[in-house]
Amino acid sequence: MIKAFSGAFRVRLDGDVVLCRPRGRLKKEGVRILVGDRVRLEPAGDGTWVISGVEPRRTELFRPPVANVDRAVVVASVRQPDLDLRLVDRQLVLAAAAGLDAVLCLNKADLAAGEDIRPVVETYRKLGYPVVVTSARRGDGIEDLRASLGGGISVFAGPSGVGKSTLLNALVPGFRLHTAPVSDRLRRGTHTTRHVELLPVPGAGLVADTPGFTQVELRDIAAGELGRYFPEFLPLAPECRFRGCLHRHEPDCAVKAAVKQGRLDAGRYERYLQFLSEIEAAGPAY
Ligand SMILES: Nc1nc2c(ncn2[C@@H]2O[C@H](COP(=O)(O)OP(=O)(O)O)[C@@H](O)[C@H]2O)c(=O)[nH]1
Ligand SMILES: [Mg+2]
Ligand SMILES: [Zn+2]
C-alpha cells in the first residue's frame, strides 16, 4: 500500500496502482493498514478492490509511519551545515536498531575538496556501509545513489538543510518536493505535517516522500545492546573477557585493545562512549 487518504488506499498491483477500501471486518478487529504494508486484495466487483488482510511486517517505523522499510539513507552534508559524524553515527545506530540497512550519502560535495571527503568515505566503507558522495546541486553521484538503493522501500534521514528533498527530486523525475535554504527554514521554524506516500524511484524500488527518521531515540536502546549496532565491534565482542562487556572500563576488553592498537577508528569508539553515557543518563529503557 503506497498511499492512504480519507479511508481509502492506493495499492500497487502488478505495476498498476489501484484504489482500495478495507473490509469492514479489519477495522472491527483493530487491524491498522500502514503505507508499506503488503495487503491481500479481492475484487469488489465495481472495478475497485477490497483489502481483506495485511501480511506480517518485517519492520515498522512510527515517524514516518511506514511498514516494511528496508533501508535508511542517512544523508549528511559535507558543508553548510558542516559534517556532523556524531549525528551520522546516531542515525546509523537508530537505523540498525529499527532493523534497517543503512546507506551513507555525503551530499554537497561541490562545497568541499575531494581530499577532505575521502577519509570519511574510507572510514565508513571499511565498516561495511555503502557510501555515496553526491552533489544534488550539480547532479553528481545521483546514479550511484540510485544504485545503492537497490529495491524495496527506502527512507531518507538526516537533519534539516543537508539536501534530502533536493536528492529526492533528482531521483524521482517529475516530483517536486519543497526545498529551502537553511536560513529560510530557521526563520519559518515550522514544517507541515502531511500523509506519507511511497514514490517509485525508477530502477530503485520505493522511497518515502517524507524525509525523517525519529521514531526511536537512543534512550530506547539498552546500554548492553548499543555495541551490537557498531558493526566493527561484532567480531571482537566475543573475545572480551566478560560477556555483556560494555567496552568501557572492563579489563581484557578486545574492543578497547583494538582501538589502542589503531585497528578500530578512535572517533567511532569515542562516539560509542558518548552514546553509552547518554543512554545511562536517560535511565533504564523499561
Ligand atoms: N551547494 C549545494 N547545495 C545544496 C545541495 N543539495 C541541496 N542544496 C541546498 O541546500 C538547501 C537545503 O536543501 P533541502 O533539499 O531543502 O534540504 P532538506 O532539509 O534536507 O530537505 C537548499 O538551498 C538546497 O538548494 C548540494 O549538493 N550542493
Ligand atoms: Mg526537505
Ligand atoms: Zn569489551
# chains A, B, ... in the order shown; residues from 1 in each chain; ligands from 1
$ residues_near_ligand --ligand "ligand 1" --cutoff "7 Å" --atoms "only C-alpha atoms and all ligand atoms" --output "list in words"
Asn107, Lys108, Ala109, Asp110, Leu111, Thr134, Ser135, Ala136, Arg137, Arg138, Gly158, Pro159, Ser160, Gly161, Val162, Gly163, Lys164, Ser165, Thr166, Leu167, His178, Thr179, Ala180, Pro181 and Val182 of chain A
$ residues_near_ligand --ligand "ligand 3" --cutoff "6 Å" --atoms "only C-alpha atoms and all ligand atoms" --output "short mmCIF file (atom, residue, chain, number, x, y, z; two decimals) with C-alpha atoms, in the first residue's frame"
data_model
loop_
_atom_site.label_atom_id
_atom_site.label_comp_id
_atom_site.auth_asym_id
_atom_site.auth_seq_id
_atom_site.Cartn_x
_atom_site.Cartn_y
_atom_site.Cartn_z
CA ALA A 237 32.98 -8.68 21.42
CA CYS A 240 36.19 -9.65 25.58
CA CYS A 245 31.16 -6.19 28.24
CA LEU A 246 30.30 -2.51 27.69
CA HIS A 247 33.80 -1.92 26.23
CA CYS A 253 38.28 -5.78 26.51
CA ALA A 254 39.03 -6.69 22.89
CA VAL A 255 37.33 -3.55 21.57
#
$ closest_residue --among "A:Asp16, A:Glu197, A:Asp101, A:Asp209" --to "ligand 2" --atoms "only C-alpha atoms and all ligand atoms"
A:Asp209
$ atom_distance --atom1 "atom CA of A:Ser52" --atom2 "atom CA of A:Glu29"
11.8 Å
$ closest_residue --among "A:Val120, A:Ala96, A:Leu127, A:Leu61" --to "A:Gly36" --atoms "only C-alpha atoms"
A:Leu61
$ closest_residue --among "A:Val69, A:Ala208, A:Ile221, A:Leu168" --to "ligand 2" --atoms "only C-alpha atoms and all ligand atoms"
A:Leu168
$ select_by_dssp --residues "stretch 121-271 of chain A" --states "strand (DSSP E or B)" --output "ChimeraX atom specification"
/A:131-133,135,140,153-157,197-200,206-208
$ atom_distance --atom1 "atom CA of A:Leu198" --atom2 "atom CA of A:Met1"
8.3 Å
$ atom_distance --atom1 "atom CA of A:Thr59" --atom2 "atom CA of A:Gly99"
6.4 Å
